[in-house]
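Heads up: the structure comes next, in structure tokens.
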Amino acid sequence: MNTLTSSDPGVLELLPIAKSSGIETVFDRAKAQQPQCGFGTLGLCCRTCWKGPCRIDPFGEGPQYGVCGADADTIVARQLARMMAGGAAAHSEHGRHIALALLGISKGELPDYQIRDEAKLVAIASRLGISTENRSMLDIVRDVATVSLEDFQCQDHDKTCNWLKATLSEKRVRRLKPLGVVPHNIDATIAQTMARTHVGCDADASNIMLGGIRAALADFDGMALATELSDALFGTPTPAVTAANLGVIKPNAVNVAVTGHNPLLSEVVCDVAKQLNAEAVQAGARDGINIIGICCTGNELMVRHGIPLAANYLSQEMAIMTGALDVMVVDVQCIMPSLPRIAACFHTQVVTTMDENKMTGATHVSFHEKHAAEAAREIIRIAIKAYGHRDPRAIHIPDRKTTAIVGFGAESVLDALAKVDAADPLRPLVDNIRSGNIQGIALFCGCNNTRTQQDESFVRIAKKLAGDNVLLLATGCGAGAFAKHGLMTQQATEQYAGEGLKSVLTAIGTAAGLGGPLPLVLHMGSCVDNSRAVTVATALAKKLDVDLNELPLVASAPEAMSEKAVAIGTWSVALGIPTHLGTVPQAMGSPNVIRLLTQDAKDIFGGYFLVESNPDAAAEKLFAVIREKRSLLGI
Amino acid sequence: MQSAEENVVIYANPERCLSCHSCEVACAVAHADKEDLITAVSDGLQLYPRNHVVMADGVTMPIQCRQCEDAPCTFACPTGACTRADGRVRIVERDCIGCGQCVIMCPFGAIAVHGVAKKCDLCVDWRARNGKAESACAEACPTNAIRFVNLKAYRQAQLEARARELAQSHRHMRIPL
């Protein structure tokens, strides 16, 4: 019976208030859903056609085939592949949106946006093979947008997507190409995955999974382009000191929470908030407008501009529970449909902005890039008006706020390393990995999940691996967890890092002018920014002249939940990275598919899934993988 | 001799049953050595539910042993493995030879032989181990179609409900008797 809640002290403080007020939260809903259906849990319920639903008996006595004849392997594989396509669709819609904005800028159609990081744009252009010499910035912008949009339009099935080619090493692409898993076109790959998993099409589980992996690599392509183009538009992350958890909500400010994923909206909201600050003060909010981030929109703003983060996925409702949130403005992905219901108990206004992402009970302000500032002004004014309707008796802001040093994209990691060795920035990293000061690298990513206690697994695994001298990177809700739990601080490095790791983080941090070590966990951005970690790892692999799977590198998604996480985990495996899942996937009903993902994948890709829901055992297994990789490298 | 304890039975409401088969899965796992679905499946255990969701004439409901007072299976058992004790029908699997006599005799089709005869045991051991009041199938049912019913309490509730109705109608009675 699932009765787990959170390890976040801010959440634990507000849950009793929710209970006594009769407000249902995600934790109540998770409890009410118990016990969850065994067939669905195992992936053995097929709803692909209306002859069903068909269920396969996991114990062998009852039916072993669906009405169409599909067995457990086919059913499980089809569902997984469709989840990968779903994840790829989500990330690449985000990417397409950014690329189209770039195209709009090149045509002079979007006055509310500029290229804020021209150096990054030029770097992107040269990676994509676009000439930059003696050309106007707008010409380069147009070409970058066009080449990026080709990844949605190319009809040559044998070509490799431009961004995959620009991001991965040749070694990796050569390994993937003969398997037929390298996408030529994101949209076509998603469509093909949906088509082949239609009733009566691909029924060979291994072949279906290869199709799913192609979709997962399309997901990688979409997110790589989303991240890089967003940097050019809004700035590449640089280290900044900020704060996290519900205590970032200010009692005397108009509090505007931005949540969802796409920076096209939240960046303009930030710009406009500055312009309208006086209006907020005039309305009685002494501290003006306070923008706070939630979920991955929060992460995007946090790493680029040091905007504080109030919550990650599972505590998004709690921001409203403080009674001091005036507007919650949302765009796409991981937004709980319960938000308007909870907001109805307070003065908070929930504002949806994307015409294809609405919620019953929310106010909709249609957001389009051409009139971005206008929409943002309308939203901020809704917030200022709502501020006047606060009920002082309903305000309860937990005094929970931790410092977080954030903003470590691939560029800022390399910049920090360059402070140690300007001529050869990767050398300090390579030397310390060789010497064992750094045993390996772990990337934490993925969601929160009610199947585990919120944030707890992230924190436990990270502390253990840090003690074992593993360099820790994080994105998405994992990064949010570390920020809230104080692991993105110099104190955490002093307290939890092993001696070797501590000496390296201190040397780099001091050289980079932080007056002490780098934080224990490096915040690389939102979940769409996982490609940043791949960029660092690929540079490292090239430097050592090895492939990604040979590096002492692991990934961990201890609380994975969404289709995006399924896609990310899968491309991580396909890129050669051993990838831990703390959530048991809805696939256990097919021992063959599980074997493919956890064992056979090792031979095919070098990466594989490692499923372990116990965080302590997971930390041990991840470190064992790192040791194994080291010994294979002879270090 | 009349047993002191009256039967507890598992009652299934066909109007609420959505035929999801969750009760079967829960039953099979509750009778496994490792009471965890994922572990049981990853270990490839051969498990059998002791209840079966049956559809007939447009209604669906799970059927399991009724724990009959005058249980035909107990009379048919040649080894004495199947007996009535503690208000239920019990099969001591160690003593069962799997002859299937009980299967033939059971008017509900609620017993199956898998090596030995297996049927609903009201989750007696499972409830004791896990401190549960109701059976695994009742706990697993998402629509509360399955209830653990104490017949004495059920009868008492019926008596009280009818008495209330009768008392109410007496108040409106016009003709003195």
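In the structure tokens, chains take the letters A, B, ... in the order shown, each chain's residues start at 1, and ligands count up from 1 in the order shown.
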Residue contacts of Ile97 (chain B) (8 Å, only C-alpha atoms) excluding same-chain residues fewer than 4 positions away, as a PyMOL selection string: chain B and resi 79+115-116
File of the preceding selection, N, CA and C atoms, as a CSV table (one decimal), in the first residue's frame:
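That gives us part-v6.csv:
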chain,number,residue,atom,x,y,z
B,79,THR,N,-9.0,-38.6,2.0
B,79,THR,CA,-7.9,-38.6,2.9
B,79,THR,C,-8.1,-37.8,4.2
B,115,GLY,N,-1.6,-29.9,-8.7
B,115,GLY,CA,-0.8,-30.7,-7.8
B,115,GLY,C,-1.6,-31.2,-6.6
B,116,VAL,N,-2.1,-30.2,-5.9
B,116,VAL,CA,-3.1,-30.5,-4.8
B,116,VAL,C,-4.3,-29.6,-5.0
Distance-based interface of chain A with chain B, 12 Å, counting only C-alpha atoms, as a PyMOL selection string: chain A and resi 1+32-45+52-62+583-595+611-613
Could you write out the selected residues, including N, CA and C atoms, as a short mmCIF file (atom, residue, chain, number, x, y, z; two decimals), in the first residue's frame?
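Output file out-v9.cif follows:
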data_model
loop_
_atom_site.label_atom_id
_atom_site.label_comp_id
_atom_site.auth_asym_id
_atom_site.auth_seq_id
_atom_site.Cartn_x
_atom_site.Cartn_y
_atom_site.Cartn_z
N MET A 1 0.86 -1.20 0.00
CA MET A 1 0.00 0.00 0.00
C MET A 1 0.89 1.24 0.00
N ALA A 32 -5.35 7.15 -2.78
CA ALA A 32 -6.69 6.71 -3.20
C ALA A 32 -6.63 5.76 -4.39
N GLN A 33 -5.55 5.80 -5.15
CA GLN A 33 -5.42 4.93 -6.33
C GLN A 33 -4.90 3.54 -5.95
N GLN A 34 -4.56 3.33 -4.67
CA GLN A 34 -4.03 2.03 -4.29
C GLN A 34 -5.15 1.03 -4.03
N PRO A 35 -4.96 -0.26 -4.30
CA PRO A 35 -3.82 -0.80 -5.03
C PRO A 35 -4.01 -0.58 -6.52
N GLN A 36 -2.91 -0.32 -7.23
CA GLN A 36 -3.02 -0.08 -8.66
C GLN A 36 -3.05 -1.40 -9.42
N CYS A 37 -3.69 -1.39 -10.57
CA CYS A 37 -3.95 -2.62 -11.32
C CYS A 37 -2.66 -3.39 -11.63
N GLY A 38 -2.67 -4.68 -11.28
CA GLY A 38 -1.49 -5.52 -11.50
C GLY A 38 -1.14 -5.70 -12.96
N PHE A 39 -2.17 -5.81 -13.81
CA PHE A 39 -1.88 -6.00 -15.25
C PHE A 39 -1.20 -4.76 -15.83
N GLY A 40 -1.73 -3.61 -15.47
CA GLY A 40 -1.13 -2.36 -15.95
C GLY A 40 0.28 -2.19 -15.40
N THR A 41 0.46 -2.51 -14.13
CA THR A 41 1.77 -2.40 -13.50
C THR A 41 2.81 -3.22 -14.26
N LEU A 42 2.39 -4.37 -14.76
CA LEU A 42 3.32 -5.25 -15.46
C LEU A 42 3.38 -4.96 -16.96
N GLY A 43 2.56 -4.06 -17.43
CA GLY A 43 2.52 -3.75 -18.86
C GLY A 43 1.75 -4.80 -19.65
N LEU A 44 0.90 -5.57 -18.98
CA LEU A 44 0.24 -6.70 -19.65
C LEU A 44 -1.21 -6.42 -20.03
N CYS A 45 -1.62 -5.16 -19.95
CA CYS A 45 -2.96 -4.80 -20.40
C CYS A 45 -2.81 -4.06 -21.72
N GLY A 52 -10.02 -5.21 -27.48
CA GLY A 52 -9.58 -5.33 -26.10
C GLY A 52 -10.49 -4.59 -25.16
N PRO A 53 -10.08 -4.28 -23.92
CA PRO A 53 -8.72 -4.53 -23.42
C PRO A 53 -8.42 -6.03 -23.25
N CYS A 54 -7.20 -6.40 -23.63
CA CYS A 54 -6.75 -7.78 -23.46
C CYS A 54 -5.71 -7.83 -22.36
N ARG A 55 -5.79 -8.86 -21.55
CA ARG A 55 -4.80 -9.01 -20.48
C ARG A 55 -4.15 -10.38 -20.57
N ILE A 56 -2.83 -10.36 -20.37
CA ILE A 56 -2.08 -11.62 -20.36
C ILE A 56 -1.91 -12.04 -18.91
N ASP A 57 -2.18 -13.31 -18.62
CA ASP A 57 -2.01 -13.80 -17.25
C ASP A 57 -0.52 -13.95 -16.95
N PRO A 58 -0.01 -13.18 -15.98
CA PRO A 58 1.44 -13.23 -15.72
C PRO A 58 1.89 -14.55 -15.13
N PHE A 59 0.92 -15.35 -14.63
CA PHE A 59 1.31 -16.58 -13.94
C PHE A 59 1.11 -17.82 -14.81
N GLY A 60 0.67 -17.60 -16.03
CA GLY A 60 0.71 -18.70 -16.99
C GLY A 60 -0.52 -19.56 -17.08
N GLU A 61 -1.48 -19.45 -16.14
CA GLU A 61 -2.64 -20.32 -16.20
C GLU A 61 -3.68 -19.81 -17.20
N GLY A 62 -3.86 -18.50 -17.16
CA GLY A 62 -4.88 -17.89 -18.01
C GLY A 62 -4.34 -17.55 -19.38
N THR A 583 12.27 3.54 -10.54
CA THR A 583 10.88 3.15 -10.73
C THR A 583 10.88 1.86 -11.54
N VAL A 584 10.18 0.84 -11.05
CA VAL A 584 10.09 -0.39 -11.83
C VAL A 584 9.24 -0.09 -13.06
N PRO A 585 9.79 -0.29 -14.27
CA PRO A 585 9.03 0.09 -15.46
C PRO A 585 7.81 -0.82 -15.67
N GLN A 586 6.79 -0.29 -16.34
CA GLN A 586 5.59 -1.09 -16.61
C GLN A 586 5.90 -2.04 -17.75
N ALA A 587 6.84 -2.94 -17.51
CA ALA A 587 7.32 -3.84 -18.55
C ALA A 587 7.70 -5.20 -18.00
N MET A 588 7.55 -5.37 -16.68
CA MET A 588 8.06 -6.59 -16.06
C MET A 588 7.31 -7.84 -16.53
N GLY A 589 6.15 -7.66 -17.15
CA GLY A 589 5.37 -8.79 -17.63
C GLY A 589 6.01 -9.49 -18.82
N SER A 590 7.04 -8.88 -19.41
CA SER A 590 7.74 -9.54 -20.51
C SER A 590 9.20 -9.76 -20.14
N PRO A 591 9.54 -10.95 -19.67
CA PRO A 591 10.95 -11.22 -19.33
C PRO A 591 11.87 -10.99 -20.52
N ASN A 592 11.37 -11.21 -21.74
CA ASN A 592 12.23 -11.03 -22.92
C ASN A 592 12.56 -9.56 -23.16
N VAL A 593 11.56 -8.68 -23.02
CA VAL A 593 11.83 -7.25 -23.20
C VAL A 593 12.75 -6.76 -22.08
N ILE A 594 12.52 -7.23 -20.87
CA ILE A 594 13.37 -6.82 -19.75
C ILE A 594 14.81 -7.28 -19.99
N ARG A 595 14.97 -8.50 -20.50
CA ARG A 595 16.32 -8.98 -20.78
C ARG A 595 16.99 -8.12 -21.85
N VAL A 611 17.65 -1.66 -13.02
CA VAL A 611 16.43 -1.35 -12.25
C VAL A 611 16.67 -1.68 -10.77
N GLU A 612 16.55 -0.69 -9.93
CA GLU A 612 16.73 -0.94 -8.49
C GLU A 612 15.96 0.15 -7.74
N SER A 613 14.90 -0.27 -7.01
CA SER A 613 14.10 0.75 -6.34
C SER A 613 14.61 1.10 -4.95
#
I'd like the neighbourhood of Gln275 (chain A) as a JSON list (two decimals) with C-alpha atoms, in the first residue's frame, where a residue qualifies if any of its atoms comes within 12 Å (using only C-alpha atoms), though same-chain residues fewer than 3 positions away should be ignored.
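See part_36.json below for the written result:
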[["chain", "number", "residue", "atom", "x", "y", "z"],
["A", 268, "VAL", "CA", 9.15, 37.37, -21.54],
["A", 269, "VAL", "CA", 7.19, 37.18, -18.28],
["A", 270, "CYS", "CA", 10.45, 38.01, -16.47],
["A", 271, "ASP", "CA", 11.17, 40.94, -18.83],
["A", 272, "VAL", "CA", 7.69, 42.38, -18.45],
["A", 278, "ALA", "CA", 6.08, 49.97, -10.05],
["A", 279, "GLU", "CA", 2.45, 48.99, -10.65],
["A", 280, "ALA", "CA", 2.84, 46.17, -8.14],
["A", 281, "VAL", "CA", 4.36, 48.49, -5.55],
["A", 288, "GLY", "CA", 7.28, 44.49, -6.06],
["A", 289, "ILE", "CA", 6.97, 41.48, -8.35],
["A", 373, "ALA", "CA", 4.98, 41.01, -24.30],
["A", 376, "ALA", "CA", 2.86, 38.70, -20.51],
["A", 377, "ARG", "CA", 1.58, 42.15, -19.45],
["A", 380, "ILE", "CA", 1.27, 40.19, -14.69],
["A", 381, "ARG", "CA", -1.75, 42.49, -14.31]]
DSSP-assigned helix (DSSP H, G or I) members of chain B, reported as a PyMOL selection string: chain B and resi 22-30+37-42+72-76+93-95+101-105+124-130+136-140+151-171
9 Å contact set for region 64-74 of chain B, only C-alpha atoms, chain neighbours under 6 positions out, as a PyMOL selection string: chain B and resi 3+6-11+50-53+80-84+87-91+101-111+119-122
Resulting file, chosen residues, C-alpha atoms, as a PDB file, in the first residue's frame:
ATOM      1  CA  SER B   3     -20.032 -25.090  15.129  1.00  0.00           C
ATOM      2  CA  GLU B   6     -20.818 -18.913  11.908  1.00  0.00           C
ATOM      3  CA  ASN B   7     -19.376 -18.619   8.385  1.00  0.00           C
ATOM      4  CA  VAL B   8     -17.563 -15.560   7.187  1.00  0.00           C
ATOM      5  CA  VAL B   9     -18.039 -15.333   3.428  1.00  0.00           C
ATOM      6  CA  ILE B  10     -16.662 -13.269   0.588  1.00  0.00           C
ATOM      7  CA  TYR B  11     -19.552 -11.418  -0.990  1.00  0.00           C
ATOM      8  CA  ARG B  50      -8.293 -19.214  -5.927  1.00  0.00           C
ATOM      9  CA  ASN B  51     -11.063 -17.046  -7.270  1.00  0.00           C
ATOM     10  CA  HIS B  52     -12.262 -16.621 -10.837  1.00  0.00           C
ATOM     11  CA  VAL B  53     -14.031 -13.739 -12.451  1.00  0.00           C
ATOM     12  CA  GLY B  80      -9.467 -36.200   5.360  1.00  0.00           C
ATOM     13  CA  ALA B  81      -7.434 -33.309   3.951  1.00  0.00           C
ATOM     14  CA  CYS B  82     -10.612 -31.311   3.368  1.00  0.00           C
ATOM     15  CA  THR B  83     -12.470 -30.581   6.573  1.00  0.00           C
ATOM     16  CA  ARG B  84     -14.575 -27.964   8.248  1.00  0.00           C
ATOM     17  CA  GLY B  87     -15.945 -21.581  10.614  1.00  0.00           C
ATOM     18  CA  ARG B  88     -14.496 -22.377   7.220  1.00  0.00           C
ATOM     19  CA  VAL B  89     -13.663 -25.235   4.906  1.00  0.00           C
ATOM     20  CA  ARG B  90      -9.979 -26.012   5.102  1.00  0.00           C
ATOM     21  CA  ILE B  91      -7.750 -28.104   2.829  1.00  0.00           C
ATOM     22  CA  GLN B 101     -13.237 -35.575  -5.745  1.00  0.00           C
ATOM     23  CA  CYS B 102     -13.812 -32.236  -4.090  1.00  0.00           C
ATOM     24  CA  VAL B 103     -13.694 -30.506  -7.495  1.00  0.00           C
ATOM     25  CA  ILE B 104     -16.485 -32.751  -8.741  1.00  0.00           C
ATOM     26  CA  MET B 105     -18.578 -32.265  -5.632  1.00  0.00           C
ATOM     27  CA  CYS B 106     -18.269 -28.485  -5.312  1.00  0.00           C
ATOM     28  CA  PRO B 107     -21.527 -26.941  -6.583  1.00  0.00           C
ATOM     29  CA  PHE B 108     -19.767 -23.611  -7.247  1.00  0.00           C
ATOM     30  CA  GLY B 109     -16.746 -24.881  -9.221  1.00  0.00           C
ATOM     31  CA  ALA B 110     -14.623 -23.109  -6.664  1.00  0.00           C
ATOM     32  CA  ILE B 111     -11.894 -25.732  -6.235  1.00  0.00           C
ATOM     33  CA  LYS B 119      -9.359 -22.980  -3.006  1.00  0.00           C
ATOM     34  CA  CYS B 120     -10.148 -19.793  -1.140  1.00  0.00           C
ATOM     35  CA  ASP B 121      -8.907 -19.933   2.450  1.00  0.00           C
ATOM     36  CA  LEU B 122     -10.335 -16.520   3.337  1.00  0.00           C
TER      37      LEU B 122
END
Contacts of Leu548 (chain A) within 7 Å, only C-alpha atoms, excl. fewer than 6 positions in-chain, as a VMD selection string: chain A and resid 537 to 538 541 575 to 577
Close residues, Lys165 (chain A) itself excluded, 10 Å, only C-alpha atoms, min 6 positions apart in chain, as a PyMOL selection string: chain A and resi 127-128+159+172-173+182+221
File of the preceding selection, C-alpha atoms, as a CSV table (one decimal), in the first residue's frame:
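Written out: out29.csv:
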chain,number,residue,atom,x,y,z
A,127,ARG,CA,29.0,23.1,-35.3
A,128,LEU,CA,26.2,22.8,-37.9
A,159,LYS,CA,20.4,10.6,-43.6
A,172,ARG,CA,28.9,6.6,-31.5
A,173,VAL,CA,27.1,7.4,-34.8
A,182,VAL,CA,19.5,6.8,-36.2
A,221,ASP,CA,17.9,15.4,-31.3
For Thr475 (chain A), the nearest of the candidates A:Glu170, A:Asp143, A:Asp204, A:Asp529, counting only C-alpha atoms: A:Asp529
Contacts of Leu210 (chain A) at 9 Å (only C-alpha atoms; same-chain gap of 6+ positions) as a PyMOL selection string: chain A and resi 81+179-181
With N, CA and C atoms retained, export the selected residues as a short mmCIF file (atom, residue, chain, number, x, y, z; two decimals), in the first residue's frame.
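Generated file (part.cif):
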data_model
loop_
_atom_site.label_atom_id
_atom_site.label_comp_id
_atom_site.auth_asym_id
_atom_site.auth_seq_id
_atom_site.Cartn_x
_atom_site.Cartn_y
_atom_site.Cartn_z
N ALA A 81 7.43 1.43 -26.71
CA ALA A 81 7.81 2.21 -27.89
C ALA A 81 6.90 3.42 -28.03
N LEU A 179 22.36 -0.30 -36.92
CA LEU A 179 21.21 -0.87 -36.20
C LEU A 179 19.88 -0.28 -36.68
N GLY A 180 19.97 0.73 -37.54
CA GLY A 180 18.75 1.35 -38.05
C GLY A 180 18.04 2.21 -37.02
N VAL A 181 18.78 2.69 -36.02
CA VAL A 181 18.13 3.46 -34.96
C VAL A 181 18.45 4.95 -35.04
#
DSSP strand (DSSP E or B) selection over region 178-336 of chain A, as a PyMOL selection string: chain A and resi 240-244+254-260+289-294+309-311+327-330
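We find CA of Asp468 (chain A) and CA of Gly634 (chain A) to be spaced 18.7 Å apart.
From CA of Val554 (chain A) back to CA of Lys464 (chain A), the distance works out to 14.2 Å.
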